[in-house]
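The file protein.pdb comes next; it holds PDB, C-alpha atoms and all ligand atoms.
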ATOM      1  CA  MET R   1     148.064 108.281 139.150  1.00  0.00           C
ATOM      2  CA  SER R   2     149.606 109.754 136.137  1.00  0.00           C
ATOM      3  CA  THR R   3     152.231 112.187 136.624  1.00  0.00           C
ATOM      4  CA  SER R   4     153.380 115.530 135.618  1.00  0.00           C
ATOM      5  CA  ALA R   5     156.707 113.820 135.203  1.00  0.00           C
ATOM      6  CA  HIS R   6     155.246 111.863 132.345  1.00  0.00           C
ATOM      7  CA  SER R   7     153.266 114.535 130.629  1.00  0.00           C
ATOM      8  CA  SER R   8     155.871 117.233 130.885  1.00  0.00           C
ATOM      9  CA  ALA R   9     158.434 115.002 129.248  1.00  0.00           C
ATOM     10  CA  THR R  10     156.356 114.612 126.136  1.00  0.00           C
ATOM     11  CA  GLU R  11     157.363 116.811 123.262  1.00  0.00           C
ATOM     12  CA  SER R  12     154.455 118.193 121.291  1.00  0.00           C
ATOM     13  CA  VAL R  13     153.319 115.691 118.724  1.00  0.00           C
ATOM     14  CA  THR R  14     150.701 115.605 116.034  1.00  0.00           C
ATOM     15  CA  PRO R  15     148.665 112.405 116.113  1.00  0.00           C
ATOM     16  CA  THR R  16     149.478 110.408 113.027  1.00  0.00           C
ATOM     17  CA  ALA R  17     147.234 108.212 110.968  1.00  0.00           C
ATOM     18  CA  ALA R  18     148.962 105.214 112.544  1.00  0.00           C
ATOM     19  CA  VAL R  19     147.988 106.291 116.035  1.00  0.00           C
ATOM     20  CA  ARG R  20     144.440 107.097 115.028  1.00  0.00           C
ATOM     21  CA  GLU R  21     143.975 103.696 113.437  1.00  0.00           C
ATOM     22  CA  GLY R  22     144.138 102.083 116.865  1.00  0.00           C
ATOM     23  CA  GLY R  23     145.463  98.630 117.633  1.00  0.00           C
ATOM     24  CA  GLN R  24     149.057  97.793 118.299  1.00  0.00           C
ATOM     25  CA  VAL R  25     151.488 100.132 116.610  1.00  0.00           C
ATOM     26  CA  THR R  26     154.246  97.560 116.951  1.00  0.00           C
ATOM     27  CA  ASP R  27     152.194  94.990 115.069  1.00  0.00           C
ATOM     28  CA  ARG R  28     151.758  97.429 112.209  1.00  0.00           C
ATOM     29  CA  LEU R  29     155.454  98.236 112.146  1.00  0.00           C
ATOM     30  CA  VAL R  30     156.407  94.572 112.156  1.00  0.00           C
ATOM     31  CA  ALA R  31     154.059  94.034 109.227  1.00  0.00           C
ATOM     32  CA  LEU R  32     155.750  96.892 107.369  1.00  0.00           C
ATOM     33  CA  ASN R  33     159.087  95.236 108.058  1.00  0.00           C
ATOM     34  CA  ALA R  34     158.027  92.213 106.060  1.00  0.00           C
ATOM     35  CA  GLY R  35     157.699  94.478 103.023  1.00  0.00           C
ATOM     36  CA  TYR R  36     161.055  96.084 103.777  1.00  0.00           C
ATOM     37  CA  ALA R  37     162.765  92.714 104.023  1.00  0.00           C
ATOM     38  CA  LYS R  38     161.249  91.632 100.723  1.00  0.00           C
ATOM     39  CA  GLU R  39     163.022  94.505  98.959  1.00  0.00           C
ATOM     40  CA  PHE R  40     166.169  94.212 101.044  1.00  0.00           C
ATOM     41  CA  SER R  41     169.353  92.736  99.706  1.00  0.00           C
ATOM     42  CA  ASP R  42     172.392  92.109 101.853  1.00  0.00           C
ATOM     43  CA  PRO R  43     174.752  95.037 101.251  1.00  0.00           C
ATOM     44  CA  GLY R  44     177.625  92.857 102.460  1.00  0.00           C
ATOM     45  CA  MET R  45     178.858  95.574 104.756  1.00  0.00           C
ATOM     46  CA  ASP R  46     181.365  95.466 107.546  1.00  0.00           C
ATOM     47  CA  ALA R  47     180.207  96.713 110.961  1.00  0.00           C
ATOM     48  CA  ARG R  48     182.787  99.492 110.812  1.00  0.00           C
ATOM     49  CA  PRO R  49     181.153 102.761 109.720  1.00  0.00           C
ATOM     50  CA  VAL R  50     182.337 103.819 106.273  1.00  0.00           C
ATOM     51  CA  LEU R  51     182.796 107.492 107.209  1.00  0.00           C
ATOM     52  CA  GLN R  52     184.442 106.652 110.550  1.00  0.00           C
ATOM     53  CA  VAL R  53     182.089 109.016 112.319  1.00  0.00           C
ATOM     54  CA  ALA R  54     179.770 108.703 115.319  1.00  0.00           C
ATOM     55  CA  VAL R  55     176.802 111.040 115.634  1.00  0.00           C
ATOM     56  CA  VAL R  56     175.327 111.703 119.080  1.00  0.00           C
ATOM     57  CA  ALA R  57     171.887 113.281 118.840  1.00  0.00           C
ATOM     58  CA  CYS R  58     168.600 113.832 120.616  1.00  0.00           C
ATOM     59  CA  MET R  59     165.987 111.142 120.140  1.00  0.00           C
ATOM     60  CA  ASP R  60     163.557 113.811 118.884  1.00  0.00           C
ATOM     61  CA  ALA R  61     161.180 112.436 116.251  1.00  0.00           C
ATOM     62  CA  ARG R  62     161.593 115.514 114.055  1.00  0.00           C
ATOM     63  CA  LEU R  63     165.287 114.947 113.565  1.00  0.00           C
ATOM     64  CA  ASP R  64     165.950 112.574 110.665  1.00  0.00           C
ATOM     65  CA  LEU R  65     169.698 112.273 111.049  1.00  0.00           C
ATOM     66  CA  HIS R  66     170.407 110.366 107.876  1.00  0.00           C
ATOM     67  CA  ALA R  67     168.366 112.729 105.721  1.00  0.00           C
ATOM     68  CA  ALA R  68     169.632 115.855 107.476  1.00  0.00           C
ATOM     69  CA  LEU R  69     173.280 114.920 107.026  1.00  0.00           C
ATOM     70  CA  GLY R  70     173.048 113.100 103.708  1.00  0.00           C
ATOM     71  CA  LEU R  71     174.101 109.867 105.355  1.00  0.00           C
ATOM     72  CA  GLU R  72     173.628 106.468 103.808  1.00  0.00           C
ATOM     73  CA  LEU R  73     173.319 103.017 105.284  1.00  0.00           C
ATOM     74  CA  GLY R  74     176.609 101.959 106.813  1.00  0.00           C
ATOM     75  CA  ASP R  75     178.083 105.459 106.967  1.00  0.00           C
ATOM     76  CA  CYS R  76     178.021 106.178 110.691  1.00  0.00           C
ATOM     77  CA  HIS R  77     177.152 105.194 114.207  1.00  0.00           C
ATOM     78  CA  THR R  78     174.126 106.977 115.592  1.00  0.00           C
ATOM     79  CA  ILE R  79     173.841 107.261 119.361  1.00  0.00           C
ATOM     80  CA  ARG R  80     170.623 108.866 120.522  1.00  0.00           C
ATOM     81  CA  ASN R  81     169.012 109.722 123.824  1.00  0.00           C
ATOM     82  CA  ALA R  82     166.793 112.389 125.357  1.00  0.00           C
ATOM     83  CA  GLY R  83     168.592 115.636 124.629  1.00  0.00           C
ATOM     84  CA  GLY R  84     171.564 114.102 122.860  1.00  0.00           C
ATOM     85  CA  VAL R  85     173.509 114.700 126.054  1.00  0.00           C
ATOM     86  CA  VAL R  86     176.823 112.988 126.677  1.00  0.00           C
ATOM     87  CA  THR R  87     176.074 110.618 129.536  1.00  0.00           C
ATOM     88  CA  ASP R  88     178.261 107.806 130.814  1.00  0.00           C
ATOM     89  CA  ASP R  89     176.379 105.454 128.545  1.00  0.00           C
ATOM     90  CA  VAL R  90     177.105 107.637 125.526  1.00  0.00           C
ATOM     91  CA  ILE R  91     180.771 107.550 126.475  1.00  0.00           C
ATOM     92  CA  ARG R  92     180.462 103.750 126.655  1.00  0.00           C
ATOM     93  CA  SER R  93     179.084 103.634 123.105  1.00  0.00           C
ATOM     94  CA  LEU R  94     181.644 106.122 121.793  1.00  0.00           C
ATOM     95  CA  THR R  95     184.445 104.137 123.381  1.00  0.00           C
ATOM     96  CA  ILE R  96     183.287 100.948 121.664  1.00  0.00           C
ATOM     97  CA  SER R  97     182.691 102.895 118.456  1.00  0.00           C
ATOM     98  CA  GLN R  98     186.261 104.190 118.420  1.00  0.00           C
ATOM     99  CA  ARG R  99     188.212 101.330 119.923  1.00  0.00           C
ATOM    100  CA  ALA R 100     186.394  98.350 118.411  1.00  0.00           C
ATOM    101  CA  LEU R 101     184.821  99.785 115.273  1.00  0.00           C
ATOM    102  CA  GLY R 102     187.242 102.374 114.012  1.00  0.00           C
ATOM    103  CA  THR R 103     185.421 105.712 114.195  1.00  0.00           C
ATOM    104  CA  ARG R 104     187.531 108.851 114.588  1.00  0.00           C
ATOM    105  CA  SER R 105     185.152 111.819 114.399  1.00  0.00           C
ATOM    106  CA  VAL R 106     182.310 112.791 116.738  1.00  0.00           C
ATOM    107  CA  ILE R 107     179.359 114.998 115.824  1.00  0.00           C
ATOM    108  CA  LEU R 108     177.023 116.190 118.597  1.00  0.00           C
ATOM    109  CA  ILE R 109     173.547 117.418 117.702  1.00  0.00           C
ATOM    110  CA  HIS R 110     171.032 119.120 119.959  1.00  0.00           C
ATOM    111  CA  HIS R 111     168.021 120.908 118.506  1.00  0.00           C
ATOM    112  CA  THR R 112     165.623 123.785 118.964  1.00  0.00           C
ATOM    113  CA  ASN R 113     162.403 123.268 120.917  1.00  0.00           C
ATOM    114  CA  CYS R 114     163.746 120.232 122.768  1.00  0.00           C
ATOM    115  CA  GLY R 115     161.523 118.548 125.346  1.00  0.00           C
ATOM    116  CA  LEU R 116     164.368 118.728 127.863  1.00  0.00           C
ATOM    117  CA  GLU R 117     164.069 122.524 127.933  1.00  0.00           C
ATOM    118  CA  SER R 118     160.735 122.206 129.731  1.00  0.00           C
ATOM    119  CA  LEU R 119     162.138 119.949 132.461  1.00  0.00           C
ATOM    120  CA  THR R 120     164.234 120.531 135.532  1.00  0.00           C
ATOM    121  CA  GLU R 121     165.896 118.208 137.998  1.00  0.00           C
ATOM    122  CA  ASP R 122     162.562 118.418 139.920  1.00  0.00           C
ATOM    123  CA  PHE R 123     161.506 115.691 137.496  1.00  0.00           C
ATOM    124  CA  ARG R 124     163.537 113.258 139.593  1.00  0.00           C
ATOM    125  CA  GLN R 125     161.843 114.360 142.823  1.00  0.00           C
ATOM    126  CA  GLU R 126     158.431 113.976 141.195  1.00  0.00           C
ATOM    127  CA  LEU R 127     159.378 110.486 140.110  1.00  0.00           C
ATOM    128  CA  GLU R 128     160.580 109.629 143.570  1.00  0.00           C
ATOM    129  CA  ARG R 129     157.346 110.827 145.125  1.00  0.00           C
ATOM    130  CA  GLU R 130     155.341 108.765 142.669  1.00  0.00           C
ATOM    131  CA  VAL R 131     157.233 105.480 142.645  1.00  0.00           C
ATOM    132  CA  GLY R 132     159.105 105.616 145.940  1.00  0.00           C
ATOM    133  CA  GLN R 133     162.497 105.406 144.356  1.00  0.00           C
ATOM    134  CA  ARG R 134     164.772 108.073 143.012  1.00  0.00           C
ATOM    135  CA  PRO R 135     166.428 107.287 139.673  1.00  0.00           C
ATOM    136  CA  VAL R 136     170.199 107.051 139.714  1.00  0.00           C
ATOM    137  CA  TRP R 137     170.445 109.073 136.528  1.00  0.00           C
ATOM    138  CA  ALA R 138     170.369 112.817 136.151  1.00  0.00           C
ATOM    139  CA  VAL R 139     167.632 114.325 134.008  1.00  0.00           C
ATOM    140  CA  GLU R 140     170.270 116.437 132.250  1.00  0.00           C
ATOM    141  CA  ALA R 141     167.666 119.131 131.645  1.00  0.00           C
ATOM    142  CA  TYR R 142     168.929 122.354 130.130  1.00  0.00           C
ATOM    143  CA  SER R 143     167.607 125.752 129.178  1.00  0.00           C
ATOM    144  CA  ASP R 144     170.396 126.795 126.804  1.00  0.00           C
ATOM    145  CA  ALA R 145     171.007 124.344 123.970  1.00  0.00           C
ATOM    146  CA  ASP R 146     174.193 126.117 122.863  1.00  0.00           C
ATOM    147  CA  GLN R 147     175.682 125.846 126.319  1.00  0.00           C
ATOM    148  CA  ASP R 148     174.669 122.222 126.646  1.00  0.00           C
ATOM    149  CA  VAL R 149     176.339 121.414 123.322  1.00  0.00           C
ATOM    150  CA  ARG R 150     179.522 123.037 124.670  1.00  0.00           C
ATOM    151  CA  GLN R 151     179.296 120.946 127.813  1.00  0.00           C
ATOM    152  CA  SER R 152     178.737 117.796 125.775  1.00  0.00           C
ATOM    153  CA  MET R 153     181.760 118.560 123.583  1.00  0.00           C
ATOM    154  CA  GLN R 154     183.808 119.088 126.717  1.00  0.00           C
ATOM    155  CA  ARG R 155     182.724 115.743 128.149  1.00  0.00           C
ATOM    156  CA  VAL R 156     183.808 113.962 124.976  1.00  0.00           C
ATOM    157  CA  ARG R 157     187.095 115.819 124.699  1.00  0.00           C
ATOM    158  CA  THR R 158     188.065 115.105 128.290  1.00  0.00           C
ATOM    159  CA  SER R 159     187.057 111.454 128.370  1.00  0.00           C
ATOM    160  CA  PRO R 160     190.036 109.270 129.240  1.00  0.00           C
ATOM    161  CA  PHE R 161     188.494 106.318 127.412  1.00  0.00           C
ATOM    162  CA  LEU R 162     188.365 107.732 123.905  1.00  0.00           C
ATOM    163  CA  LEU R 163     191.152 107.359 121.381  1.00  0.00           C
ATOM    164  CA  HIS R 164     190.236 110.318 119.197  1.00  0.00           C
ATOM    165  CA  THR R 165     189.107 113.668 120.612  1.00  0.00           C
ATOM    166  CA  ASP R 166     190.655 116.011 118.066  1.00  0.00           C
ATOM    167  CA  ASP R 167     187.626 116.075 115.748  1.00  0.00           C
ATOM    168  CA  VAL R 168     184.637 116.740 118.005  1.00  0.00           C
ATOM    169  CA  ARG R 169     182.101 119.237 116.697  1.00  0.00           C
ATOM    170  CA  GLY R 170     178.724 120.326 118.022  1.00  0.00           C
ATOM    171  CA  PHE R 171     175.580 121.707 116.405  1.00  0.00           C
ATOM    172  CA  VAL R 172     172.033 122.808 117.104  1.00  0.00           C
ATOM    173  CA  PHE R 173     169.490 121.581 114.540  1.00  0.00           C
ATOM    174  CA  ASP R 174     166.607 123.948 113.843  1.00  0.00           C
ATOM    175  CA  VAL R 175     163.448 121.825 113.652  1.00  0.00           C
ATOM    176  CA  THR R 176     161.658 124.531 111.645  1.00  0.00           C
ATOM    177  CA  THR R 177     164.296 125.101 108.948  1.00  0.00           C
ATOM    178  CA  GLY R 178     166.202 121.814 108.935  1.00  0.00           C
ATOM    179  CA  LEU R 179     169.464 123.721 109.246  1.00  0.00           C
ATOM    180  CA  LEU R 180     172.402 122.887 111.500  1.00  0.00           C
ATOM    181  CA  ARG R 181     174.103 125.743 113.336  1.00  0.00           C
ATOM    182  CA  GLU R 182     177.596 125.012 114.579  1.00  0.00           C
ATOM    183  CA  ILE R 183     178.473 125.751 118.194  1.00  0.00           C
ATOM    184  CA  HIS R 184     182.048 126.683 118.914  1.00  0.00           C
ATOM    185  CA  SER R 185     183.459 125.816 122.281  1.00  0.00           C
ATOM    186  CA  ASP R 186     184.960 129.196 122.981  1.00  0.00           C
ATOM    187  CA  SER R 187     182.120 131.458 121.935  1.00  0.00           C
TER
HETATM  188 ZN    ZN R 201     165.251 116.901 122.034  1.00  0.00          ZN
END

Spell out the structure here as structure tokens.
Amino acid sequence: MSTSAHSSATESVTPTAAVREGGQVTDRLVALNAGYAKEFSDPGMDARPVLQVAVVACMDARLDLHAALGLELGDCHTIRNAGGVVTDDVIRSLTISQRALGTRSVILIHHTNCGLESLTEDFRQELEREVGQRPVWAVEAYSDADQDVRQSMQRVRTSPFLLHTDDVRGFVFDVTTGLLREIHSDS
């Protein structure tokens, strides 16, 4: 039985031509990769991000991080998950990013109209009822993006594992205007 847990997690999407064409989307993407590779030349880059910055953002399909921030290949680490929330696994990636790959700055990006705003921790109970097992992770649902950005900044700044917590800034990206709005921790 399909679940409200599934459907309620889905952010509103417009069916694309790719979806309407049917067949395996992955097969089509792999075919497109062949064209990409044909034009690709080895940039000879180091794994260390050029701008020494890690960006933590929601996985939302409407947020094109590189375009929105004017980033180029090799500039940054991008760490994405549902909501762009700072989970233990994000801290793991940030720790590796800073300690092994030389990043110093952290940018956190949530966005308007996030799918997480329509969820609550009941999502976990619904999952448990359906599959007989409760996930170990929190849903990290939120109703106030600004407040959740503040909480995420706080989690980064107080992590004992990170080397650099002096340049941690948070933003909400407006999916209708493309504009970032900075969130200040004390406001
Ligand atoms: Zn989102």

Per residue of chain R within 12 Å of ligand ZN 201 (chain R), which atom pair is closest and at what distance in Å (one decimal), using all atoms listed in the file, listed by chain and increasing number, as a Markdown table?
| residue | atom | partner | partner_atom | distance |
| --- | --- | --- | --- | --- |
| R:Ala9 | CA | R:ZN201 | ZN | 10.1 |
| R:Thr10 | CA | R:ZN201 | ZN | 10.1 |
| R:Glu11 | CA | R:ZN201 | ZN | 8.0 |
| R:Ser12 | CA | R:ZN201 | ZN | 10.9 |
| R:Val56 | CA | R:ZN201 | ZN | 11.7 |
| R:Ala57 | CA | R:ZN201 | ZN | 8.2 |
| R:Cys58 | CA | R:ZN201 | ZN | 4.8 |
| R:Met59 | CA | R:ZN201 | ZN | 6.1 |
| R:Asp60 | CA | R:ZN201 | ZN | 4.7 |
| R:Ala61 | CA | R:ZN201 | ZN | 8.4 |
| R:Arg62 | CA | R:ZN201 | ZN | 8.9 |
| R:Leu63 | CA | R:ZN201 | ZN | 8.7 |
| R:Arg80 | CA | R:ZN201 | ZN | 9.8 |
| R:Asn81 | CA | R:ZN201 | ZN | 8.3 |
| R:Ala82 | CA | R:ZN201 | ZN | 5.8 |
| R:Gly83 | CA | R:ZN201 | ZN | 4.4 |
| R:Gly84 | CA | R:ZN201 | ZN | 7.0 |
| R:Val85 | CA | R:ZN201 | ZN | 9.4 |
| R:Ile109 | CA | R:ZN201 | ZN | 9.4 |
| R:His110 | CA | R:ZN201 | ZN | 6.5 |
| R:His111 | CA | R:ZN201 | ZN | 6.0 |
| R:Thr112 | CA | R:ZN201 | ZN | 7.5 |
| R:Asn113 | CA | R:ZN201 | ZN | 7.1 |
| R:Cys114 | CA | R:ZN201 | ZN | 3.7 |
| R:Gly115 | CA | R:ZN201 | ZN | 5.3 |
| R:Leu116 | CA | R:ZN201 | ZN | 6.2 |
| R:Glu117 | CA | R:ZN201 | ZN | 8.2 |
| R:Ser118 | CA | R:ZN201 | ZN | 10.4 |
| R:Leu119 | CA | R:ZN201 | ZN | 11.3 |
| R:Glu140 | CA | R:ZN201 | ZN | 11.4 |
| R:Ala141 | CA | R:ZN201 | ZN | 10.2 |
| R:Tyr142 | CA | R:ZN201 | ZN | 10.4 |
| R:Ser143 | CA | R:ZN201 | ZN | 11.6 |
| R:Ala145 | CA | R:ZN201 | ZN | 9.6 |
| R:Asp148 | CA | R:ZN201 | ZN | 11.8 |
| R:Val172 | CA | R:ZN201 | ZN | 10.3 |
| R:Phe173 | CA | R:ZN201 | ZN | 9.8 |
| R:Asp174 | CA | R:ZN201 | ZN | 10.9 |
| R:Val175 | CA | R:ZN201 | ZN | 9.9 |

Store the residues picked out above in a file with C-alpha atoms, as a CSV table (one decimal), in the coordinates of the input.
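Output contents, as saved in result.csv:
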chain,number,residue,atom,x,y,z
R,9,ALA,CA,158.4,115.0,129.2
R,10,THR,CA,156.4,114.6,126.1
R,11,GLU,CA,157.4,116.8,123.3
R,12,SER,CA,154.5,118.2,121.3
R,56,VAL,CA,175.3,111.7,119.1
R,57,ALA,CA,171.9,113.3,118.8
R,58,CYS,CA,168.6,113.8,120.6
R,59,MET,CA,166.0,111.1,120.1
R,60,ASP,CA,163.6,113.8,118.9
R,61,ALA,CA,161.2,112.4,116.3
R,62,ARG,CA,161.6,115.5,114.1
R,63,LEU,CA,165.3,114.9,113.6
R,80,ARG,CA,170.6,108.9,120.5
R,81,ASN,CA,169.0,109.7,123.8
R,82,ALA,CA,166.8,112.4,125.4
R,83,GLY,CA,168.6,115.6,124.6
R,84,GLY,CA,171.6,114.1,122.9
R,85,VAL,CA,173.5,114.7,126.1
R,109,ILE,CA,173.5,117.4,117.7
R,110,HIS,CA,171.0,119.1,120.0
R,111,HIS,CA,168.0,120.9,118.5
R,112,THR,CA,165.6,123.8,119.0
R,113,ASN,CA,162.4,123.3,120.9
R,114,CYS,CA,163.7,120.2,122.8
R,115,GLY,CA,161.5,118.5,125.3
R,116,LEU,CA,164.4,118.7,127.9
R,117,GLU,CA,164.1,122.5,127.9
R,118,SER,CA,160.7,122.2,129.7
R,119,LEU,CA,162.1,119.9,132.5
R,140,GLU,CA,170.3,116.4,132.2
R,141,ALA,CA,167.7,119.1,131.6
R,142,TYR,CA,168.9,122.4,130.1
R,143,SER,CA,167.6,125.8,129.2
R,145,ALA,CA,171.0,124.3,124.0
R,148,ASP,CA,174.7,122.2,126.6
R,172,VAL,CA,172.0,122.8,117.1
R,173,PHE,CA,169.5,121.6,114.5
R,174,ASP,CA,166.6,123.9,113.8
R,175,VAL,CA,163.4,121.8,113.7

Quick one: pull the distance between CA of Arg28 in chain R and CA of Asp64 in chain R, Å, one decimal.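 The value is 20.8 Å.
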
Would you mind reading off the distance between CA of Leu65 in chain R and CA of Arg104 in chain R, one decimal, in Å? 18.5 Å

To one decimal place in Å, what is the distance between CA of Tyr36 in chain R and CA of Gly102 in chain R? 28.8 Å

Residue nearest Gly170 in chain R - candidates R:Val86, R:Val131, R:Ala100, R:Glu126, atoms counted: only C-alpha atoms: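 Using only C-alpha atoms, the shortest distance to Gly170 in chain R belongs to R:Val86.
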
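Closest approach to Asp166 in chain R from the set R:Val106, R:Gln133, R:Phe123, R:Arg181 is made by R:Val106, with distances taken over all atoms listed in the file.
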
Show me, as JSON, the centre and edge lengths in Å to one decimal of the axis-aligned box that covers every listed atom of range 113-124 of chain R with 6 Å on each side.
{"center_x": 163.3, "center_y": 118.3, "center_z": 130.4, "size_x": 17.2, "size_y": 22.0, "size_z": 31.0}

Here's the selection I'm unsure about, the PyMOL selection byres (((chain R and resi 76) around 9) and not hetatm); applied to the file above, which residues does it give, as a PyMOL selection string? chain R and resi 48-55+71-75+77-78+103

With distances taken over all atoms listed in the file, which residue among R:Leu69, R:Met45, R:Leu163, R:Val136 lies nearest Ser97 in chain R? R:Leu163

Set the distance at 8 Å and use only C-alpha atoms: which residues neighbour Val168 in chain R once local chain neighbours fewer than 2 positions away are removed? I'd like the list as a VMD selection string. chain R and resid 105 to 108 153 156 to 157 165 to 166 170

Between R:His66, R:Leu101, R:Val149, R:Ser185, which is the closest to Ala47 in chain R once you count all atoms listed in the file?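 Ranked by minimum distance to Ala47 in chain R, first place goes to R:Leu101.
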
Considering all atoms listed in the file, can you say which of R:Leu162, R:Ile183, R:Leu127, R:Ala68 comes closest to Gln147 in chain R?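 Counting all atoms listed in the file, the residue closest to Gln147 in chain R is R:Ile183.
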
Starting from the displayed file, determine the output of the PyMOL selection byres (((chain R and resi 91) around 9) and not hetatm) and express the residue list as a list of chain:residue names.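 Applied to this file, the PyMOL selection byres (((chain R and resi 91) around 9) and not hetatm) returns R:Val86, R:Thr87, R:Asp88, R:Asp89, R:Val90, R:Arg92, R:Ser93, R:Leu94, R:Thr95, R:Ile96, R:Arg155, R:Val156, R:Ser159, R:Phe161, R:Leu162.
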
Dump as a PDB file, in the frame of the given file, selection limited to C-alpha atoms:
ATOM      1  CA  VAL R  86     176.823 112.988 126.677  1.00  0.00           C
ATOM      2  CA  THR R  87     176.074 110.618 129.536  1.00  0.00           C
ATOM      3  CA  ASP R  88     178.261 107.806 130.814  1.00  0.00           C
ATOM      4  CA  ASP R  89     176.379 105.454 128.545  1.00  0.00           C
ATOM      5  CA  VAL R  90     177.105 107.637 125.526  1.00  0.00           C
ATOM      6  CA  ARG R  92     180.462 103.750 126.655  1.00  0.00           C
ATOM      7  CA  SER R  93     179.084 103.634 123.105  1.00  0.00           C
ATOM      8  CA  LEU R  94     181.644 106.122 121.793  1.00  0.00           C
ATOM      9  CA  THR R  95     184.445 104.137 123.381  1.00  0.00           C
ATOM     10  CA  ILE R  96     183.287 100.948 121.664  1.00  0.00           C
ATOM     11  CA  ARG R 155     182.724 115.743 128.149  1.00  0.00           C
ATOM     12  CA  VAL R 156     183.808 113.962 124.976  1.00  0.00           C
ATOM     13  CA  SER R 159     187.057 111.454 128.370  1.00  0.00           C
ATOM     14  CA  PHE R 161     188.494 106.318 127.412  1.00  0.00           C
ATOM     15  CA  LEU R 162     188.365 107.732 123.905  1.00  0.00           C
TER      16      LEU R 162
END

List as a list in words the protein and nucleic acid residues near Gln125 in chain R, meaning an atom at most 12 Å away when all atoms listed in the file are counted, but skip any in the same chain fewer than 5 places from it.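 Surrounding residues, per the criterion: Thr3, Ser4, Ala5, Leu119, Thr120, Glu130, Val131, Gly132, Gln133, Arg134, Pro135, Val136, Trp137, Ala138 and Val139 of chain R.
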
Compare R:Asp122, R:Gln24, R:Gly178, R:His184 by their minimum atom-to-atom distance to Ser152 in chain R, counting all atoms listed in the file, and give me the closest one.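 Of R:Asp122, R:Gln24, R:Gly178, R:His184, the one nearest Ser152 in chain R is R:His184, counting all atoms listed in the file.
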